[in-house]
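Trainee: One file is attached below, model27.pdb, containing PDB, C-alpha atoms and all ligand atoms.
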ATOM      1  CA  MET I   1     -25.377 -68.199 -41.269  1.00  0.00           C
ATOM      2  CA  ASN I   2     -22.203 -68.809 -39.309  1.00  0.00           C
ATOM      3  CA  GLU I   3     -21.194 -65.560 -37.587  1.00  0.00           C
ATOM      4  CA  LYS I   4     -17.559 -66.476 -37.236  1.00  0.00           C
ATOM      5  CA  PHE I   5     -16.481 -67.698 -40.609  1.00  0.00           C
ATOM      6  CA  LEU I   6     -17.503 -65.098 -43.155  1.00  0.00           C
ATOM      7  CA  ILE I   7     -17.335 -65.933 -46.827  1.00  0.00           C
ATOM      8  CA  SER I   8     -16.577 -62.845 -48.874  1.00  0.00           C
ATOM      9  CA  PHE I   9     -16.520 -61.862 -52.531  1.00  0.00           C
ATOM     10  CA  GLN I  10     -13.873 -59.432 -53.730  1.00  0.00           C
ATOM     11  CA  THR I  11     -14.021 -56.797 -56.471  1.00  0.00           C
ATOM     12  CA  SER I  12     -11.896 -57.667 -59.461  1.00  0.00           C
ATOM     13  CA  ALA I  13     -10.050 -55.592 -62.047  1.00  0.00           C
ATOM     14  CA  TYR I  14     -10.494 -58.439 -64.537  1.00  0.00           C
ATOM     15  CA  ASP I  15     -14.209 -59.186 -64.593  1.00  0.00           C
ATOM     16  CA  TYR I  16     -15.300 -56.271 -66.843  1.00  0.00           C
ATOM     17  CA  LEU I  17     -18.024 -55.403 -64.358  1.00  0.00           C
ATOM     18  CA  SER I  18     -18.601 -52.045 -62.728  1.00  0.00           C
ATOM     19  CA  PHE I  19     -18.273 -51.685 -58.963  1.00  0.00           C
ATOM     20  CA  ALA I  20     -22.083 -51.243 -58.867  1.00  0.00           C
ATOM     21  CA  GLN I  21     -22.571 -54.579 -60.648  1.00  0.00           C
ATOM     22  CA  GLU I  22     -20.148 -56.290 -58.272  1.00  0.00           C
ATOM     23  CA  ILE I  23     -21.850 -55.038 -55.101  1.00  0.00           C
ATOM     24  CA  THR I  24     -25.269 -55.889 -56.531  1.00  0.00           C
ATOM     25  CA  PHE I  25     -24.024 -59.410 -57.300  1.00  0.00           C
ATOM     26  CA  ALA I  26     -22.727 -59.799 -53.733  1.00  0.00           C
ATOM     27  CA  ILE I  27     -26.032 -58.544 -52.297  1.00  0.00           C
ATOM     28  CA  GLU I  28     -28.032 -60.910 -54.526  1.00  0.00           C
ATOM     29  CA  HIS I  29     -25.889 -63.869 -53.460  1.00  0.00           C
ATOM     30  CA  ASN I  30     -26.294 -62.986 -49.809  1.00  0.00           C
ATOM     31  CA  VAL I  31     -22.606 -63.155 -48.923  1.00  0.00           C
ATOM     32  CA  PRO I  32     -22.002 -61.827 -45.414  1.00  0.00           C
ATOM     33  CA  ALA I  33     -18.831 -59.955 -46.395  1.00  0.00           C
ATOM     34  CA  PHE I  34     -17.389 -58.064 -49.321  1.00  0.00           C
ATOM     35  CA  GLU I  35     -13.840 -56.931 -50.015  1.00  0.00           C
ATOM     36  CA  ILE I  36     -13.073 -53.811 -51.996  1.00  0.00           C
ATOM     37  CA  PHE I  37      -9.730 -54.095 -53.754  1.00  0.00           C
ATOM     38  CA  PHE I  38      -8.406 -50.712 -54.909  1.00  0.00           C
ATOM     39  CA  ASP I  39      -6.537 -52.372 -57.732  1.00  0.00           C
ATOM     40  CA  GLY I  40      -5.874 -49.509 -60.169  1.00  0.00           C
ATOM     41  CA  TRP I  41      -8.662 -47.239 -58.892  1.00  0.00           C
ATOM     42  CA  MET I  42      -9.347 -45.092 -55.831  1.00  0.00           C
ATOM     43  CA  PRO I  43     -12.288 -44.253 -53.561  1.00  0.00           C
ATOM     44  CA  ASN I  44     -12.965 -41.007 -55.447  1.00  0.00           C
ATOM     45  CA  ASP I  45     -13.916 -43.156 -58.465  1.00  0.00           C
ATOM     46  CA  ILE I  46     -16.950 -44.437 -56.530  1.00  0.00           C
ATOM     47  CA  THR I  47     -20.189 -42.931 -57.854  1.00  0.00           C
ATOM     48  CA  GLU I  48     -23.170 -41.742 -55.824  1.00  0.00           C
ATOM     49  CA  THR I  49     -25.198 -44.755 -56.980  1.00  0.00           C
ATOM     50  CA  GLU I  50     -22.421 -47.053 -55.809  1.00  0.00           C
ATOM     51  CA  ARG I  51     -22.281 -45.311 -52.430  1.00  0.00           C
ATOM     52  CA  ASP I  52     -26.023 -45.867 -52.098  1.00  0.00           C
ATOM     53  CA  LEU I  53     -25.552 -49.560 -52.857  1.00  0.00           C
ATOM     54  CA  LEU I  54     -22.795 -49.773 -50.247  1.00  0.00           C
ATOM     55  CA  LYS I  55     -25.114 -48.102 -47.733  1.00  0.00           C
ATOM     56  CA  GLN I  56     -27.852 -50.585 -48.542  1.00  0.00           C
ATOM     57  CA  ALA I  57     -25.434 -53.497 -48.132  1.00  0.00           C
ATOM     58  CA  ALA I  58     -24.157 -52.098 -44.826  1.00  0.00           C
ATOM     59  CA  ALA I  59     -27.732 -51.613 -43.570  1.00  0.00           C
ATOM     60  CA  ASN I  60     -28.372 -55.296 -44.351  1.00  0.00           C
ATOM     61  CA  GLY I  61     -25.416 -56.241 -42.159  1.00  0.00           C
ATOM     62  CA  MET I  62     -22.784 -56.849 -44.808  1.00  0.00           C
ATOM     63  CA  LYS I  63     -19.256 -56.516 -43.448  1.00  0.00           C
ATOM     64  CA  PHE I  64     -16.588 -54.776 -45.514  1.00  0.00           C
ATOM     65  CA  SER I  65     -12.885 -55.254 -45.840  1.00  0.00           C
ATOM     66  CA  VAL I  66     -10.431 -53.408 -48.050  1.00  0.00           C
ATOM     67  CA  HIS I  67      -7.406 -54.517 -50.043  1.00  0.00           C
ATOM     68  CA  SER I  68      -4.970 -51.643 -50.420  1.00  0.00           C
ATOM     69  CA  PRO I  69      -3.424 -50.717 -53.804  1.00  0.00           C
ATOM     70  CA  LEU I  70      -0.439 -52.786 -54.970  1.00  0.00           C
ATOM     71  CA  ARG I  71       2.479 -50.379 -54.619  1.00  0.00           C
ATOM     72  CA  ASP I  72       5.365 -49.452 -52.326  1.00  0.00           C
ATOM     73  CA  TYR I  73       4.717 -48.783 -48.648  1.00  0.00           C
ATOM     74  CA  LEU I  74       8.192 -47.576 -47.792  1.00  0.00           C
ATOM     75  CA  THR I  75       7.987 -43.898 -46.836  1.00  0.00           C
ATOM     76  CA  GLU I  76       5.701 -41.456 -45.086  1.00  0.00           C
ATOM     77  CA  GLN I  77       4.821 -40.034 -48.497  1.00  0.00           C
ATOM     78  CA  ASP I  78       3.522 -43.460 -49.580  1.00  0.00           C
ATOM     79  CA  ILE I  79       1.084 -43.369 -46.648  1.00  0.00           C
ATOM     80  CA  LYS I  80      -0.021 -39.847 -47.628  1.00  0.00           C
ATOM     81  CA  ASP I  81      -0.583 -41.050 -51.183  1.00  0.00           C
ATOM     82  CA  ILE I  82      -3.032 -43.719 -50.089  1.00  0.00           C
ATOM     83  CA  MET I  83      -4.791 -41.567 -47.486  1.00  0.00           C
ATOM     84  CA  PRO I  84      -8.067 -41.649 -49.486  1.00  0.00           C
ATOM     85  CA  VAL I  85      -8.093 -45.453 -49.092  1.00  0.00           C
ATOM     86  CA  ILE I  86      -7.437 -45.175 -45.357  1.00  0.00           C
ATOM     87  CA  THR I  87     -10.186 -42.565 -45.014  1.00  0.00           C
ATOM     88  CA  PHE I  88     -12.531 -44.863 -46.943  1.00  0.00           C
ATOM     89  CA  CYS I  89     -11.734 -47.742 -44.542  1.00  0.00           C
ATOM     90  CA  ARG I  90     -12.576 -45.573 -41.530  1.00  0.00           C
ATOM     91  CA  GLU I  91     -15.666 -44.019 -43.063  1.00  0.00           C
ATOM     92  CA  TRP I  92     -17.155 -47.391 -44.043  1.00  0.00           C
ATOM     93  CA  LYS I  93     -15.993 -49.119 -40.851  1.00  0.00           C
ATOM     94  CA  ALA I  94     -14.013 -51.726 -42.756  1.00  0.00           C
ATOM     95  CA  CYS I  95     -13.104 -54.623 -40.487  1.00  0.00           C
ATOM     96  CA  LEU I  96      -9.586 -54.704 -41.866  1.00  0.00           C
ATOM     97  CA  MET I  97      -7.268 -53.403 -44.545  1.00  0.00           C
ATOM     98  CA  THR I  98      -4.940 -55.881 -46.239  1.00  0.00           C
ATOM     99  CA  VAL I  99      -1.477 -54.772 -47.379  1.00  0.00           C
ATOM    100  CA  HIS I 100       1.059 -56.995 -49.179  1.00  0.00           C
ATOM    101  CA  PHE I 101       4.147 -57.658 -47.043  1.00  0.00           C
ATOM    102  CA  ASP I 102       6.741 -57.725 -49.818  1.00  0.00           C
ATOM    103  CA  ARG I 103       6.824 -53.952 -50.289  1.00  0.00           C
ATOM    104  CA  LEU I 104       5.919 -52.890 -46.736  1.00  0.00           C
ATOM    105  CA  ALA I 105       8.855 -51.442 -44.782  1.00  0.00           C
ATOM    106  CA  PRO I 106       8.616 -52.441 -41.092  1.00  0.00           C
ATOM    107  CA  ASP I 107       9.306 -48.790 -40.148  1.00  0.00           C
ATOM    108  CA  ILE I 108       6.085 -47.733 -41.852  1.00  0.00           C
ATOM    109  CA  ILE I 109       3.854 -50.161 -39.920  1.00  0.00           C
ATOM    110  CA  PRO I 110       3.241 -47.850 -36.918  1.00  0.00           C
ATOM    111  CA  LEU I 111       2.314 -44.927 -39.214  1.00  0.00           C
ATOM    112  CA  LEU I 112      -0.071 -47.024 -41.225  1.00  0.00           C
ATOM    113  CA  SER I 113      -1.542 -48.600 -38.138  1.00  0.00           C
ATOM    114  CA  SER I 114      -2.215 -45.298 -36.374  1.00  0.00           C
ATOM    115  CA  ALA I 115      -3.702 -43.761 -39.552  1.00  0.00           C
ATOM    116  CA  LEU I 116      -6.133 -46.703 -39.696  1.00  0.00           C
ATOM    117  CA  GLY I 117      -7.458 -46.145 -36.162  1.00  0.00           C
ATOM    118  CA  ASP I 118      -9.857 -48.989 -35.311  1.00  0.00           C
ATOM    119  CA  VAL I 119      -9.435 -50.670 -38.694  1.00  0.00           C
ATOM    120  CA  LYS I 120      -7.149 -53.686 -38.389  1.00  0.00           C
ATOM    121  CA  LEU I 121      -3.929 -53.656 -40.371  1.00  0.00           C
ATOM    122  CA  SER I 122      -3.706 -57.091 -41.933  1.00  0.00           C
ATOM    123  CA  ILE I 123      -0.495 -58.074 -43.678  1.00  0.00           C
ATOM    124  CA  GLU I 124      -0.554 -60.599 -46.514  1.00  0.00           C
ATOM    125  CA  ASN I 125       1.979 -63.186 -47.710  1.00  0.00           C
ATOM    126  CA  THR I 126       2.904 -62.611 -51.352  1.00  0.00           C
ATOM    127  CA  ILE I 127       4.778 -64.031 -54.297  1.00  0.00           C
ATOM    128  CA  PRO I 128       7.739 -63.542 -54.128  1.00  0.00           C
ATOM    129  CA  ASP I 129       8.049 -64.529 -50.478  1.00  0.00           C
ATOM    130  CA  GLU I 130      10.544 -61.802 -49.614  1.00  0.00           C
ATOM    131  CA  ASN I 131      10.404 -58.316 -48.138  1.00  0.00           C
ATOM    132  CA  VAL I 132      12.282 -55.714 -50.218  1.00  0.00           C
ATOM    133  CA  VAL I 133      13.766 -53.999 -47.166  1.00  0.00           C
ATOM    134  CA  THR I 134      14.673 -56.837 -44.812  1.00  0.00           C
ATOM    135  CA  SER I 135      14.831 -59.801 -47.254  1.00  0.00           C
ATOM    136  CA  GLU I 136      12.845 -61.798 -44.694  1.00  0.00           C
ATOM    137  CA  HIS I 137      10.355 -64.475 -45.662  1.00  0.00           C
ATOM    138  CA  TYR I 138       6.783 -63.899 -44.510  1.00  0.00           C
ATOM    139  CA  PRO I 139       6.754 -66.097 -41.365  1.00  0.00           C
ATOM    140  CA  GLU I 140       9.944 -64.473 -40.076  1.00  0.00           C
ATOM    141  CA  TYR I 141       8.758 -60.973 -40.975  1.00  0.00           C
ATOM    142  CA  MET I 142       5.480 -61.506 -39.118  1.00  0.00           C
ATOM    143  CA  ARG I 143       7.188 -63.068 -36.094  1.00  0.00           C
ATOM    144  CA  LYS I 144       9.471 -60.045 -35.735  1.00  0.00           C
ATOM    145  CA  ASN I 145       6.783 -57.434 -36.223  1.00  0.00           C
ATOM    146  CA  ILE I 146       4.079 -59.047 -34.075  1.00  0.00           C
ATOM    147  CA  ALA I 147       6.448 -58.514 -31.153  1.00  0.00           C
ATOM    148  CA  LYS I 148       6.390 -54.747 -31.768  1.00  0.00           C
ATOM    149  CA  TYR I 149       3.147 -53.816 -33.454  1.00  0.00           C
ATOM    150  CA  ASN I 150      -0.562 -54.467 -33.399  1.00  0.00           C
ATOM    151  CA  ILE I 151      -0.894 -56.361 -36.664  1.00  0.00           C
ATOM    152  CA  TYR I 152      -2.937 -59.203 -38.124  1.00  0.00           C
ATOM    153  CA  ALA I 153      -2.308 -61.708 -40.868  1.00  0.00           C
ATOM    154  CA  THR I 154      -4.077 -62.111 -44.175  1.00  0.00           C
ATOM    155  CA  ALA I 155      -3.151 -65.687 -45.022  1.00  0.00           C
ATOM    156  CA  ASP I 156      -3.273 -66.218 -48.766  1.00  0.00           C
ATOM    157  CA  ILE I 157      -3.493 -69.988 -49.122  1.00  0.00           C
ATOM    158  CA  GLY I 158      -2.842 -69.990 -52.879  1.00  0.00           C
ATOM    159  CA  HIS I 159       0.294 -67.871 -52.495  1.00  0.00           C
ATOM    160  CA  ALA I 160       1.566 -70.050 -49.637  1.00  0.00           C
ATOM    161  CA  VAL I 161       1.326 -73.167 -51.813  1.00  0.00           C
ATOM    162  CA  VAL I 162       3.074 -71.566 -54.819  1.00  0.00           C
ATOM    163  CA  ASN I 163       5.834 -70.485 -52.400  1.00  0.00           C
ATOM    164  CA  GLY I 164       6.331 -74.139 -51.422  1.00  0.00           C
ATOM    165  CA  TYR I 165       4.603 -74.224 -48.025  1.00  0.00           C
ATOM    166  CA  ASN I 166       2.201 -76.894 -46.916  1.00  0.00           C
ATOM    167  CA  PRO I 167      -0.898 -74.731 -46.357  1.00  0.00           C
ATOM    168  CA  ILE I 168      -1.892 -76.344 -43.063  1.00  0.00           C
ATOM    169  CA  GLU I 169       1.635 -76.023 -41.665  1.00  0.00           C
ATOM    170  CA  PHE I 170       1.753 -72.446 -42.906  1.00  0.00           C
ATOM    171  CA  VAL I 171      -1.407 -71.535 -40.972  1.00  0.00           C
ATOM    172  CA  GLY I 172      -0.409 -73.662 -37.971  1.00  0.00           C
ATOM    173  CA  ASN I 173       2.953 -71.899 -37.721  1.00  0.00           C
ATOM    174  CA  LEU I 174       1.340 -68.461 -37.720  1.00  0.00           C
ATOM    175  CA  LEU I 175      -0.924 -69.613 -34.877  1.00  0.00           C
ATOM    176  CA  ASN I 176       2.035 -71.055 -32.971  1.00  0.00           C
ATOM    177  CA  ASP I 177       3.735 -67.676 -33.259  1.00  0.00           C
ATOM    178  CA  ASN I 178       0.601 -66.010 -31.822  1.00  0.00           C
ATOM    179  CA  ILE I 179      -0.081 -64.105 -34.990  1.00  0.00           C
ATOM    180  CA  PRO I 180      -3.811 -63.410 -35.204  1.00  0.00           C
ATOM    181  CA  ILE I 181      -5.277 -64.253 -38.616  1.00  0.00           C
ATOM    182  CA  ASP I 182      -8.315 -62.155 -39.493  1.00  0.00           C
ATOM    183  CA  CYS I 183      -8.488 -62.859 -43.207  1.00  0.00           C
ATOM    184  CA  PHE I 184      -7.876 -65.731 -45.595  1.00  0.00           C
ATOM    185  CA  HIS I 185      -7.534 -65.357 -49.329  1.00  0.00           C
ATOM    186  CA  ILE I 186      -8.881 -68.559 -50.765  1.00  0.00           C
ATOM    187  CA  HIS I 187      -8.224 -69.659 -54.344  1.00  0.00           C
ATOM    188  CA  ASN I 188      -6.658 -72.674 -56.006  1.00  0.00           C
ATOM    189  CA  ASN I 189      -3.797 -73.377 -58.427  1.00  0.00           C
ATOM    190  CA  ASP I 190      -1.496 -76.055 -59.901  1.00  0.00           C
ATOM    191  CA  GLY I 191       1.140 -75.647 -57.179  1.00  0.00           C
ATOM    192  CA  GLN I 192       3.382 -73.648 -59.512  1.00  0.00           C
ATOM    193  CA  HIS I 193       1.494 -70.650 -60.832  1.00  0.00           C
ATOM    194  CA  ASP I 194      -0.654 -68.065 -59.057  1.00  0.00           C
ATOM    195  CA  LEU I 195      -3.783 -68.959 -61.030  1.00  0.00           C
ATOM    196  CA  HIS I 196      -6.465 -67.740 -58.610  1.00  0.00           C
ATOM    197  CA  ASN I 197      -8.820 -70.559 -59.667  1.00  0.00           C
ATOM    198  CA  ASP I 198     -12.007 -71.296 -57.761  1.00  0.00           C
ATOM    199  CA  ILE I 199     -11.269 -73.345 -54.641  1.00  0.00           C
ATOM    200  CA  THR I 200     -12.383 -76.673 -56.166  1.00  0.00           C
ATOM    201  CA  ASN I 201     -10.003 -76.380 -59.115  1.00  0.00           C
ATOM    202  CA  GLY I 202      -6.373 -77.241 -58.294  1.00  0.00           C
ATOM    203  CA  VAL I 203      -3.956 -79.108 -56.054  1.00  0.00           C
ATOM    204  CA  ILE I 204      -5.067 -77.505 -52.760  1.00  0.00           C
ATOM    205  CA  ASP I 205      -7.480 -79.640 -50.766  1.00  0.00           C
ATOM    206  CA  TYR I 206      -9.718 -76.945 -49.285  1.00  0.00           C
ATOM    207  CA  ASN I 207     -11.759 -79.519 -47.426  1.00  0.00           C
ATOM    208  CA  LYS I 208      -8.662 -80.228 -45.324  1.00  0.00           C
ATOM    209  CA  VAL I 209      -7.450 -76.632 -45.091  1.00  0.00           C
ATOM    210  CA  LEU I 210     -10.804 -75.137 -44.103  1.00  0.00           C
ATOM    211  CA  THR I 211     -11.641 -77.930 -41.667  1.00  0.00           C
ATOM    212  CA  PHE I 212      -8.302 -77.218 -39.959  1.00  0.00           C
ATOM    213  CA  VAL I 213      -9.117 -73.500 -39.812  1.00  0.00           C
ATOM    214  CA  PHE I 214     -12.640 -74.075 -38.429  1.00  0.00           C
ATOM    215  CA  GLU I 215     -11.253 -76.506 -35.896  1.00  0.00           C
ATOM    216  CA  HIS I 216      -8.881 -73.790 -34.642  1.00  0.00           C
ATOM    217  CA  ASN I 217     -11.761 -71.395 -34.288  1.00  0.00           C
ATOM    218  CA  ILE I 218     -10.264 -68.659 -36.388  1.00  0.00           C
ATOM    219  CA  PHE I 219     -12.786 -65.851 -36.797  1.00  0.00           C
ATOM    220  CA  ALA I 220     -12.002 -64.435 -40.221  1.00  0.00           C
ATOM    221  CA  HIS I 221     -13.115 -63.166 -43.570  1.00  0.00           C
ATOM    222  CA  PHE I 222     -12.649 -65.843 -46.233  1.00  0.00           C
ATOM    223  CA  VAL I 223     -12.176 -63.846 -49.395  1.00  0.00           C
ATOM    224  CA  THR I 224     -12.668 -65.776 -52.642  1.00  0.00           C
ATOM    225  CA  GLU I 225      -9.920 -63.931 -54.432  1.00  0.00           C
ATOM    226  CA  HIS I 226     -11.249 -64.494 -57.922  1.00  0.00           C
ATOM    227  CA  TRP I 227     -14.414 -63.470 -59.693  1.00  0.00           C
ATOM    228  CA  GLY I 228     -14.954 -66.358 -62.124  1.00  0.00           C
ATOM    229  CA  GLY I 229     -16.245 -69.238 -60.001  1.00  0.00           C
ATOM    230  CA  ASN I 230     -16.730 -67.227 -56.823  1.00  0.00           C
ATOM    231  CA  VAL I 231     -20.258 -68.627 -56.419  1.00  0.00           C
ATOM    232  CA  LYS I 232     -18.877 -72.152 -56.821  1.00  0.00           C
ATOM    233  CA  SER I 233     -16.237 -71.402 -54.161  1.00  0.00           C
ATOM    234  CA  ALA I 234     -18.862 -69.959 -51.803  1.00  0.00           C
ATOM    235  CA  GLU I 235     -21.013 -73.085 -52.242  1.00  0.00           C
ATOM    236  CA  TYR I 236     -18.082 -75.421 -51.600  1.00  0.00           C
ATOM    237  CA  PHE I 237     -17.121 -73.335 -48.559  1.00  0.00           C
ATOM    238  CA  SER I 238     -20.667 -73.639 -47.118  1.00  0.00           C
ATOM    239  CA  GLN I 239     -20.684 -77.358 -47.795  1.00  0.00           C
ATOM    240  CA  ILE I 240     -17.424 -77.873 -45.874  1.00  0.00           C
ATOM    241  CA  LEU I 241     -18.629 -75.613 -43.062  1.00  0.00           C
ATOM    242  CA  LYS I 242     -21.957 -77.487 -42.764  1.00  0.00           C
ATOM    243  CA  LYS I 243     -20.190 -80.824 -42.716  1.00  0.00           C
ATOM    244  CA  TRP I 244     -17.883 -79.558 -39.967  1.00  0.00           C
ATOM    245  CA  GLU I 245     -20.793 -78.099 -37.937  1.00  0.00           C
ATOM    246  CA  ASN I 246     -22.735 -81.364 -38.205  1.00  0.00           C
ATOM    247  CA  ALA I 247     -19.726 -83.400 -37.149  1.00  0.00           C
ATOM    248  CA  LYS I 248     -19.403 -81.125 -34.081  1.00  0.00           C
ATOM    249  CA  LYS I 249     -23.052 -81.663 -33.173  1.00  0.00           C
ATOM    250  CA  GLY I 250     -22.856 -85.399 -33.725  1.00  0.00           C
TER     251      GLY I 250
HETATM  252 ZN    ZN D   1      -4.317 -62.481 -51.903  1.00  0.00          ZN
END
Reformat the file's structure so that it appears as structure tokens.

Mentor:
Amino acid sequence: MNEKFLISFQTSAYDYLSFAQEITFAIEHNVPAFEIFFDGWMPNDITETERDLLKQAAANGMKFSVHSPLRDYLTEQDIKDIMPVITFCREWKACLMTVHFDRLAPDIIPLLSSALGDVKLSIENTIPDENVVTSEHYPEYMRKNIAKYNIYATADIGHAVVNGYNPIEFVGNLLNDNIPIDCFHIHNNDGQHDLHNDITNGVIDYNKVLTFVFEHNIFAHFVTEHWGGNVKSAEYFSQILKKWENAKKG
């Protein structure tokens, strides 16, 4: 297994599976990482059985990341409201917590970041590509805030393409601006709609995108941000990675 480029499954609000079934599925498929998306639920919904499964996964070396709830991050009260998620991240030693940039006020970043302690605050590009407070697009928002705060990028390739960016240029520009990327959300679409298809199904050529990312040595979680087809995406990911590793050797 490649220690740098970690393929990850993510929990889904749309797969009609319990959290226990999702973790079990990830364990059975041997993925090195797993992302817990608090999409309409909170850590206190996790049962004892599910905690035991998480423990088992952690003992087997699985790495965790967290996707924070989709909501406003504008005031100190908003941070208090999601404190159970932050506590969960710290307790389970999540590598990172992803927050959408569109509703994240720059003023709140230092509060969120210090509450997270050692857990990386990773900020994701969204649709629409505009911050509600500053009206900035994602690249500009990140450029300004990287100068002030200790932040990382979650680069959502599917969102970037729907927003009209060339995905390789999008990633390349973040790197040029010295913005560390610690997470990719990988899914495919028709270039217009945020379909979250498996990575083989759509206009995005993941062979090119991922080869570019591997070539730039970006240590990251690669979260297949869809449940249907996540195994297919993981297989395609491994195939591209193997091909790249063999080309390096040769
Ligand atoms: Zn995403």

Trainee: Run the PyMOL selection byres (((not hetatm)) within 8 of (chain D and resi 1)) against the file shown and list the residues it catches, as a list in words.

Mentor: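 Going through the file, the PyMOL selection byres (((not hetatm)) within 8 of (chain D and resi 1)) ends up selecting Glu124, Asn125, Thr126, Thr154, Ala155, Asp156, Gly158, His159, Phe184, His185, Ile186 and Glu225 of chain I.
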
Trainee: Using all atoms listed in the file, which of the listed residues (I:Pro128, I:Pro69, I:Gly172, I:Pro84) sits closest to I:Val99?

Mentor: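 Of I:Pro128, I:Pro69, I:Gly172, I:Pro84, the one nearest I:Val99 is I:Pro69, counting all atoms listed in the file.
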
Trainee: Which residues are close to stretch 5-10 of chain I, i.e. within 9 Å by all atoms listed in the file, leaving aside same-chain residues fewer than 3 positions away? Reply as a PyMOL selection string.

Mentor: chain I and resi 1-2+22+26+31-37+63-67+214+217-227+230-231+234+237-238+241

Trainee: So which residues get picked by the PyMOL selection byres (((chain I and resi 105) around 12) and not hetatm) here, written as number ranges by chain?

Mentor: I: 71-76, 78-79, 99-104, 106-112, 123, 130-136, 141, 145

Trainee: Would you save the residues of that selection, restricted to C-alpha atoms, as a compact mmCIF listing (two decimals), in the coordinates of the input?

Mentor:
# COMPACT_ATOMS: atom_id res chain seq x y z
CA ARG I 71 2.48 -50.38 -54.62
CA ASP I 72 5.36 -49.45 -52.33
CA TYR I 73 4.72 -48.78 -48.65
CA LEU I 74 8.19 -47.58 -47.79
CA THR I 75 7.99 -43.90 -46.84
CA GLU I 76 5.70 -41.46 -45.09
CA ASP I 78 3.52 -43.46 -49.58
CA ILE I 79 1.08 -43.37 -46.65
CA VAL I 99 -1.48 -54.77 -47.38
CA HIS I 100 1.06 -57.00 -49.18
CA PHE I 101 4.15 -57.66 -47.04
CA ASP I 102 6.74 -57.72 -49.82
CA ARG I 103 6.82 -53.95 -50.29
CA LEU I 104 5.92 -52.89 -46.74
CA PRO I 106 8.62 -52.44 -41.09
CA ASP I 107 9.31 -48.79 -40.15
CA ILE I 108 6.08 -47.73 -41.85
CA ILE I 109 3.85 -50.16 -39.92
CA PRO I 110 3.24 -47.85 -36.92
CA LEU I 111 2.31 -44.93 -39.21
CA LEU I 112 -0.07 -47.02 -41.22
CA ILE I 123 -0.50 -58.07 -43.68
CA GLU I 130 10.54 -61.80 -49.61
CA ASN I 131 10.40 -58.32 -48.14
CA VAL I 132 12.28 -55.71 -50.22
CA VAL I 133 13.77 -54.00 -47.17
CA THR I 134 14.67 -56.84 -44.81
CA SER I 135 14.83 -59.80 -47.25
CA GLU I 136 12.84 -61.80 -44.69
CA TYR I 141 8.76 -60.97 -40.98
CA ASN I 145 6.78 -57.43 -36.22

Trainee: Might you pull out every residue within 9 Å of I:Ile86, with all atoms listed in the file counted and same-chain residues fewer than 4 positions away left off, and present them as a PyMOL selection string?

Mentor: chain I and resi 68+79+82+90-91+97+112+115-116+119

Trainee: Please indicate the distance in Å from atom CA of I:Asn150 to atom CA of I:Asp129, rounded to one decimal place.

Mentor: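 Value for the atom CA of I:Asn150-atom CA of I:Asp129 distance: 21.6 Å.
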
Trainee: With 5 Å on each side, where is the centre of the axis-aligned box around all listed atoms of stretch 139-155 of chain I, and how long are its edges in Å to one decimal, as JSON?

Mentor:
{"center_x": 2.9, "center_y": -60.0, "center_z": -38.1, "size_x": 24.0, "size_y": 22.3, "size_z": 23.9}

Trainee: Can you tell me how far atom CA of I:Ile146 sits from atom CA of I:Asn207, in Å to one decimal?

Mentor: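 Between atom CA of I:Ile146 and atom CA of I:Asn207 the gap works out to 29.1 Å.
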
Trainee: For the atom pair atom CA of I:Phe19 and atom CA of I:Leu54, what is the interatomic distance in Å to one decimal place?

Mentor: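 Computed distance, atom CA of I:Phe19 to atom CA of I:Leu54, equals 10.0 Å.
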